[in-house]
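The next block is work_1.tsv, given as TSV, C-alpha atoms.
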```
chain	number	residue	atom	x	y	z
A	1	MET	CA	23.76	17.01	3.56
A	2	VAL	CA	22.07	14.39	1.41
A	3	ILE	CA	22.23	10.70	2.23
A	4	THR	CA	21.84	8.65	-0.95
A	5	THR	CA	21.61	4.94	-1.68
A	6	LEU	CA	20.85	3.25	-4.98
A	7	VAL	CA	20.16	-0.17	-3.52
A	8	VAL	CA	16.74	-1.34	-4.69
A	9	SER	CA	14.66	-1.89	-1.57
A	10	SER	CA	12.15	-4.40	-2.85
A	11	VAL	CA	12.84	-6.60	0.17
A	12	CYS	CA	9.28	-6.23	1.45
A	13	PHE	CA	7.91	-6.98	-2.00
A	14	SER	CA	9.60	-10.38	-1.91
A	15	LEU	CA	7.41	-11.30	1.06
A	16	ALA	CA	4.37	-11.51	-1.23
A	17	LYS	CA	5.96	-12.38	-4.55
A	18	SER	CA	5.24	-16.08	-4.24
A	19	ALA	CA	1.63	-15.40	-3.25
A	20	MET	CA	0.59	-13.34	-6.26
A	21	GLN	CA	-2.74	-14.38	-7.70
A	22	GLU	CA	-3.08	-11.82	-10.47
A	23	GLU	CA	-0.97	-9.37	-12.41
A	24	PRO	CA	-0.41	-6.42	-10.03
A	25	VAL	CA	-0.34	-2.74	-10.96
A	26	PHE	CA	3.22	-1.42	-10.72
A	27	ARG	CA	4.59	2.03	-9.98
A	28	ALA	CA	7.03	3.47	-12.48
A	29	PRO	CA	10.67	3.59	-11.25
A	30	PHE	CA	11.09	6.47	-8.81
A	31	LYS	CA	13.38	8.11	-6.28
A	32	LEU	CA	12.11	8.50	-2.72
A	33	LYS	CA	13.25	11.54	-0.72
A	34	LEU	CA	12.54	11.80	3.01
A	35	HIS	CA	13.38	14.41	5.62
A	36	VAL	CA	15.69	13.13	8.35
A	37	ASP	CA	15.56	16.60	9.90
A	38	ASP	CA	15.27	20.14	8.53
A	39	ASP	CA	18.74	20.01	6.97
A	40	HIS	CA	19.26	16.34	6.11
A	41	TYR	CA	17.50	14.01	3.67
A	42	TYR	CA	17.43	10.31	2.90
A	43	GLU	CA	17.14	9.30	-0.75
A	44	GLN	CA	16.62	5.89	-2.33
A	45	SER	CA	15.94	4.78	-5.88
A	46	PHE	CA	13.41	2.04	-6.64
A	47	ASP	CA	12.66	-0.20	-9.58
A	48	PRO	CA	8.95	-0.83	-10.31
A	49	ILE	CA	7.12	-2.02	-7.18
A	50	PRO	CA	3.43	-3.03	-7.09
A	51	TYR	CA	0.81	-1.18	-5.11
A	52	VAL	CA	-0.79	-4.48	-4.07
A	53	ALA	CA	0.48	-8.03	-4.50
A	54	GLY	CA	-0.62	-11.20	-2.76
A	55	ASN	CA	-3.02	-9.14	-0.60
A	56	ASP	CA	-0.06	-7.13	0.72
A	57	VAL	CA	-0.20	-3.35	0.23
A	58	TYR	CA	2.96	-1.31	-0.38
A	59	LEU	CA	3.06	2.37	0.58
A	60	PHE	CA	5.60	5.16	0.13
A	61	ALA	CA	5.49	8.74	1.38
A	62	GLY	CA	3.37	11.05	-0.74
A	63	GLU	CA	0.95	8.38	-1.99
A	64	ALA	CA	-2.84	8.23	-1.83
A	65	PHE	CA	-4.89	5.41	-3.35
A	66	GLY	CA	-7.66	2.98	-2.48
A	67	LEU	CA	-8.32	-0.71	-1.92
A	68	ASN	CA	-11.29	-2.75	-3.06
A	69	VAL	CA	-12.06	-5.62	-0.74
A	70	THR	CA	-13.61	-8.94	-1.75
A	71	VAL	CA	-15.44	-10.67	1.09
A	72	THR	CA	-16.11	-14.41	0.99
A	73	GLU	CA	-18.01	-16.11	3.82
A	74	ASN	CA	-17.60	-13.03	5.99
A	75	GLU	CA	-13.81	-13.02	5.58
A	76	VAL	CA	-11.47	-10.87	3.49
A	77	SER	CA	-10.48	-13.05	0.54
A	78	HIS	CA	-8.90	-10.54	-1.82
A	79	ILE	CA	-7.45	-7.02	-1.82
A	80	ALA	CA	-7.23	-5.07	-5.10
A	81	TYR	CA	-5.63	-1.74	-5.95
A	82	GLU	CA	-8.00	1.14	-6.79
A	83	ARG	CA	-6.43	4.24	-8.31
A	84	SER	CA	-9.29	6.52	-7.21
A	85	PRO	CA	-9.64	6.55	-3.40
A	86	SER	CA	-13.22	7.84	-3.56
A	87	LYS	CA	-14.29	4.69	-5.42
A	88	ALA	CA	-12.61	2.31	-2.97
A	89	ASP	CA	-13.78	0.35	0.06
A	90	VAL	CA	-10.71	1.52	1.97
A	91	GLU	CA	-8.85	4.79	1.36
A	92	LEU	CA	-5.14	5.19	2.15
A	93	ARG	CA	-2.91	8.24	2.39
A	94	PHE	CA	0.72	8.10	3.53
A	95	THR	CA	2.71	11.30	3.99
A	96	GLN	CA	5.63	12.87	5.80
A	97	GLU	CA	4.53	15.88	7.83
A	98	LYS	CA	6.27	18.64	9.78
A	99	SER	CA	5.40	18.69	13.49
A	100	GLN	CA	6.50	20.71	16.49
A	101	ASN	CA	9.01	17.98	17.32
A	102	GLY	CA	10.38	17.52	13.81
A	103	TRP	CA	9.27	15.38	10.89
A	104	MET	CA	6.83	12.48	11.27
A	105	MET	CA	5.18	9.91	9.04
A	106	MET	CA	1.38	9.95	8.87
A	107	LEU	CA	-0.89	7.13	7.66
A	108	VAL	CA	-4.61	7.81	7.21
A	109	ILE	CA	-6.92	4.81	6.70
A	110	ARG	CA	-10.59	5.40	5.91
A	111	ASN	CA	-12.75	2.31	6.38
A	112	LYS	CA	-16.00	2.37	4.36
A	113	LEU	CA	-16.83	-1.28	4.98
A	114	LYS	CA	-19.51	-2.52	7.37
A	115	HIS	CA	-16.95	-4.44	9.42
A	116	ARG	CA	-14.25	-3.48	11.89
A	117	LEU	CA	-11.04	-3.87	9.92
A	118	TYR	CA	-7.90	-5.41	11.41
A	119	LEU	CA	-4.51	-5.48	9.71
A	120	ASP	CA	-0.81	-5.96	10.40
A	121	ALA	CA	2.03	-3.69	9.31
A	122	LEU	CA	5.71	-3.97	8.47
A	123	MET	CA	8.18	-1.23	7.66
A	124	THR	CA	11.71	-0.49	6.59
A	125	ILE	CA	13.57	2.56	7.88
A	126	PRO	CA	16.71	4.42	6.79
A	127	GLY	CA	19.96	2.81	7.85
A	128	LYS	CA	18.50	-0.61	8.66
A	129	GLU	CA	18.15	-3.59	6.32
A	130	GLU	CA	15.79	-5.67	8.45
A	131	ILE	CA	12.00	-5.57	8.14
A	132	LEU	CA	10.41	-4.23	11.32
A	133	LYS	CA	6.95	-4.84	12.73
A	134	THR	CA	4.78	-1.90	13.71
A	135	SER	CA	1.25	-1.55	15.02
A	136	VAL	CA	-1.94	-0.21	13.46
A	137	LEU	CA	-5.17	-0.10	15.45
A	138	PRO	CA	-8.29	-1.82	14.05
A	139	ILE	CA	-10.52	0.66	12.23
A	140	GLU	CA	-14.21	0.77	13.01
A	141	PRO	CA	-16.79	0.97	10.19
A	142	ASN	CA	-17.20	4.52	8.89
A	143	LEU	CA	-14.14	5.76	10.76
A	144	SER	CA	-10.81	7.25	9.74
A	145	ASP	CA	-7.72	6.12	11.59
A	146	PHE	CA	-4.68	8.40	11.86
A	147	GLU	CA	-1.37	6.66	12.65
A	148	SER	CA	1.91	8.53	13.07
A	149	TRP	CA	5.56	7.59	13.59
A	150	PRO	CA	8.25	10.02	14.84
A	151	HIS	CA	10.86	8.82	12.34
A	152	PRO	CA	11.14	8.41	8.55
A	153	ILE	CA	9.76	5.22	7.00
A	154	VAL	CA	11.15	4.08	3.67
A	155	GLN	CA	8.42	1.56	2.90
A	156	LEU	CA	5.27	0.57	4.77
A	157	VAL	CA	3.57	-2.75	4.09
A	158	LEU	CA	0.00	-3.43	5.20
A	159	ARG	CA	-1.04	-7.09	5.25
A	160	ASP	CA	-3.36	-9.75	6.69
A	161	PHE	CA	-6.54	-7.67	6.32
A	162	ARG	CA	-9.29	-9.33	8.34
A	163	PHE	CA	-12.47	-8.78	10.32
A	164	SER	CA	-11.38	-10.45	13.56
A	165	GLU	CA	-8.41	-10.09	15.87
A	166	LYS	CA	-7.59	-13.81	15.65
A	167	SER	CA	-7.39	-14.12	19.41
A	168	LYS	CA	-9.46	-15.43	22.30
A	169	GLN	CA	-11.26	-12.11	22.56
A	170	SER	CA	-14.97	-12.05	21.84
A	171	ASP	CA	-16.16	-11.42	18.30
A	172	ALA	CA	-19.32	-9.75	19.59
A	173	PRO	CA	-20.14	-6.56	17.65
A	174	GLU	CA	-19.30	-3.24	19.26
A	175	LYS	CA	-20.80	0.19	18.76
A	176	PRO	CA	-18.79	2.65	16.63
A	177	LYS	CA	-16.31	4.57	18.76
A	178	LYS	CA	-16.08	8.30	19.22
A	179	GLN	CA	-12.71	9.98	18.76
A	180	THR	CA	-9.95	8.02	20.47
A	181	GLU	CA	-6.26	8.75	20.83
A	182	THR	CA	-3.45	6.54	22.18
A	183	VAL	CA	0.34	6.66	22.07
A	184	ASP	CA	2.44	3.51	21.80
A	185	PRO	CA	4.99	3.81	24.67
A	186	LYS	CA	7.51	1.58	22.88
A	187	THR	CA	7.57	3.21	19.45
A	188	GLY	CA	6.16	6.66	20.14
A	189	ASN	CA	3.69	6.38	17.27
A	190	LEU	CA	0.30	8.03	17.73
A	191	HIS	CA	-3.02	6.30	17.01
A	192	LEU	CA	-6.05	8.52	16.43
A	193	GLN	CA	-9.50	7.52	15.18
A	194	ILE	CA	-12.30	9.95	14.37
A	195	PRO	CA	-15.74	9.51	12.75
A	196	ILE	CA	-16.01	10.31	9.05
A	197	PRO	CA	-19.03	11.46	7.00
A	198	ALA	CA	-19.17	8.60	4.52
A	199	THR	CA	-21.73	6.22	3.08
A	200	THR	CA	-21.04	2.70	4.28
A	201	LYS	CA	-20.44	0.26	1.45
A	202	GLU	CA	-22.43	-2.94	1.12
A	203	HIS	CA	-20.04	-5.70	2.23
```

If you took the structure in this file and wrote it as structure tokens, what would it be?
Amino acid sequence: MVITTLVVSSVCFSLAKSAMQEEPVFRAPFKLKLHVDDDHYYEQSFDPIPYVAGNDVYLFAGEAFGLNVTVTENEVSHIAYERSPSKADVELRFTQEKSQNGWMMMLVIRNKLKHRLYLDALMTIPGKEEILKTSVLPIEPNLSDFESWPHPIVQLVLRDFRFSEKSKQSDAPEKPKKQTETVDPKTGNLHLQIPIPATTKEH
């Protein structure tokens, strides 16, 4: 059984359209195909959608690219698309993987900056029109963060990249963490961070 829709899901793109500061790099039109289970698929066709626009980052299953980060007065001021992940300040990879419990979405974020990196995330999922919030843990310098969701995600949007949590918590520096793993009890998504062998960028 194949579930197909031709509605262009650029709804998340509209969130940043008014905030564009430069001409973004667009994907060519494409058709997304996701496993619902071993026998069923979800398909959706898309018009050109940018990789990055207005400091919002748009991800679809099967993609891997990088982000170059401009820092002004110790704050993230600009996010730019980098085709080659190895040349980027932040590497991204978003895939759908087979697990023992079915199919899951996996996001890998590699932080090569000197700062702990915070960000927010939104997503759209099959069968729902609304934009949903989801959580991504802050990534320590020179760490890779592995995030997983136990359901298909049509489009994932990463936004509000920053170096502080924007809360009353202390901004005092912390030592890099060893491997950590947590599971969100509400969504079931898994957060895993492990050290990576990488040269920290000068930022």

Do a neighbour search on Tyr51 (chain A) at 10 Å with all atoms listed in the file, toss out local chain neighbours closer than 6 positions, and write the hits as a short mmCIF file (atom, residue, chain, number, x, y, z; two decimals) with C-alpha atoms, in the frame of the given file.
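What ended up in around00.cif:
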```cif
data_model
loop_
_atom_site.label_atom_id
_atom_site.label_comp_id
_atom_site.auth_asym_id
_atom_site.auth_seq_id
_atom_site.Cartn_x
_atom_site.Cartn_y
_atom_site.Cartn_z
CA PHE A 13 7.91 -6.98 -2.00
CA PRO A 24 -0.41 -6.42 -10.03
CA VAL A 25 -0.34 -2.74 -10.96
CA PHE A 26 3.22 -1.42 -10.72
CA ARG A 27 4.59 2.03 -9.98
CA VAL A 57 -0.20 -3.35 0.23
CA TYR A 58 2.96 -1.31 -0.38
CA LEU A 59 3.06 2.37 0.58
CA PHE A 60 5.60 5.16 0.13
CA PHE A 65 -4.89 5.41 -3.35
CA GLY A 66 -7.66 2.98 -2.48
CA LEU A 67 -8.32 -0.71 -1.92
CA ALA A 80 -7.23 -5.07 -5.10
CA TYR A 81 -5.63 -1.74 -5.95
CA GLU A 82 -8.00 1.14 -6.79
CA ARG A 83 -6.43 4.24 -8.31
CA VAL A 157 3.57 -2.75 4.09
#
```

Problem - Closest of A:Lys98, A:Lys166, A:Arg93, A:Arg110 to Pro150 (chain A) - atom-to-atom distances counting all atoms listed in the file - result: A:Lys98

Within 8 Å of file point (-9.4, -7.9, 9.8), counting only C-alpha atoms, expressed as a PDB file with C-alpha atoms, keeping the file's coordinate frame:
```pdb
ATOM      1  CA  GLU A  75     -13.810 -13.020   5.580  1.00  0.00           C
ATOM      2  CA  VAL A  76     -11.470 -10.870   3.490  1.00  0.00           C
ATOM      3  CA  ARG A 116     -14.250  -3.480  11.890  1.00  0.00           C
ATOM      4  CA  LEU A 117     -11.040  -3.870   9.920  1.00  0.00           C
ATOM      5  CA  TYR A 118      -7.900  -5.410  11.410  1.00  0.00           C
ATOM      6  CA  LEU A 119      -4.510  -5.480   9.710  1.00  0.00           C
ATOM      7  CA  PRO A 138      -8.290  -1.820  14.050  1.00  0.00           C
ATOM      8  CA  ASP A 160      -3.360  -9.750   6.690  1.00  0.00           C
ATOM      9  CA  PHE A 161      -6.540  -7.670   6.320  1.00  0.00           C
ATOM     10  CA  ARG A 162      -9.290  -9.330   8.340  1.00  0.00           C
ATOM     11  CA  PHE A 163     -12.470  -8.780  10.320  1.00  0.00           C
ATOM     12  CA  SER A 164     -11.380 -10.450  13.560  1.00  0.00           C
ATOM     13  CA  GLU A 165      -8.410 -10.090  15.870  1.00  0.00           C
TER      14      GLU A 165
END
```

Completion exercise
Among A:Leu156, A:Ala28, A:Leu34, A:Val136, Phe94 (chain A) is approached most closely, using all atoms listed in the file, by A:Leu156

Could region 70-84 of chain A be completed with N, CA, C and O atoms and returned as a compact mmCIF listing (two decimals), in the coordinates of the input?
```txt
# COMPACT_ATOMS: atom_id res chain seq x y z
N THR A 70 -12.69 -7.85 -1.46
CA THR A 70 -13.61 -8.94 -1.75
C THR A 70 -13.82 -9.74 -0.48
O THR A 70 -12.85 -10.14 0.18
N VAL A 71 -15.09 -9.94 -0.13
CA VAL A 71 -15.44 -10.67 1.09
C VAL A 71 -16.10 -11.99 0.71
O VAL A 71 -17.06 -12.03 -0.06
N THR A 72 -15.56 -13.07 1.23
CA THR A 72 -16.11 -14.41 0.99
C THR A 72 -16.36 -15.08 2.33
O THR A 72 -15.46 -15.21 3.16
N GLU A 73 -17.61 -15.48 2.56
CA GLU A 73 -18.01 -16.11 3.82
C GLU A 73 -17.58 -15.28 5.02
O GLU A 73 -17.01 -15.77 6.00
N ASN A 74 -17.85 -13.98 4.92
CA ASN A 74 -17.60 -13.03 5.99
C ASN A 74 -16.12 -12.87 6.35
O ASN A 74 -15.78 -12.45 7.45
N GLU A 75 -15.24 -13.21 5.39
CA GLU A 75 -13.81 -13.02 5.58
C GLU A 75 -13.22 -12.30 4.37
O GLU A 75 -13.73 -12.43 3.25
N VAL A 76 -12.15 -11.54 4.59
CA VAL A 76 -11.47 -10.87 3.49
C VAL A 76 -10.74 -11.92 2.66
O VAL A 76 -9.86 -12.62 3.16
N SER A 77 -11.11 -12.05 1.40
CA SER A 77 -10.48 -13.05 0.54
C SER A 77 -9.55 -12.44 -0.49
O SER A 77 -8.66 -13.12 -1.01
N HIS A 78 -9.74 -11.15 -0.79
CA HIS A 78 -8.90 -10.54 -1.82
C HIS A 78 -8.85 -9.03 -1.64
O HIS A 78 -9.85 -8.40 -1.31
N ILE A 79 -7.67 -8.46 -1.86
CA ILE A 79 -7.45 -7.02 -1.82
C ILE A 79 -6.98 -6.58 -3.20
O ILE A 79 -6.05 -7.17 -3.76
N ALA A 80 -7.61 -5.55 -3.78
CA ALA A 80 -7.23 -5.07 -5.10
C ALA A 80 -6.96 -3.58 -5.06
O ALA A 80 -7.61 -2.82 -4.33
N TYR A 81 -5.99 -3.15 -5.85
CA TYR A 81 -5.63 -1.74 -5.95
C TYR A 81 -6.71 -0.95 -6.68
O TYR A 81 -7.24 -1.39 -7.69
N GLU A 82 -7.05 0.21 -6.16
CA GLU A 82 -8.00 1.14 -6.79
C GLU A 82 -7.33 2.50 -6.89
O GLU A 82 -6.99 3.11 -5.86
N ARG A 83 -7.13 2.98 -8.12
CA ARG A 83 -6.43 4.24 -8.31
C ARG A 83 -7.17 5.41 -7.67
O ARG A 83 -6.55 6.31 -7.11
N SER A 84 -8.49 5.41 -7.74
CA SER A 84 -9.29 6.52 -7.21
C SER A 84 -9.75 6.19 -5.79
O SER A 84 -10.60 5.32 -5.61
```
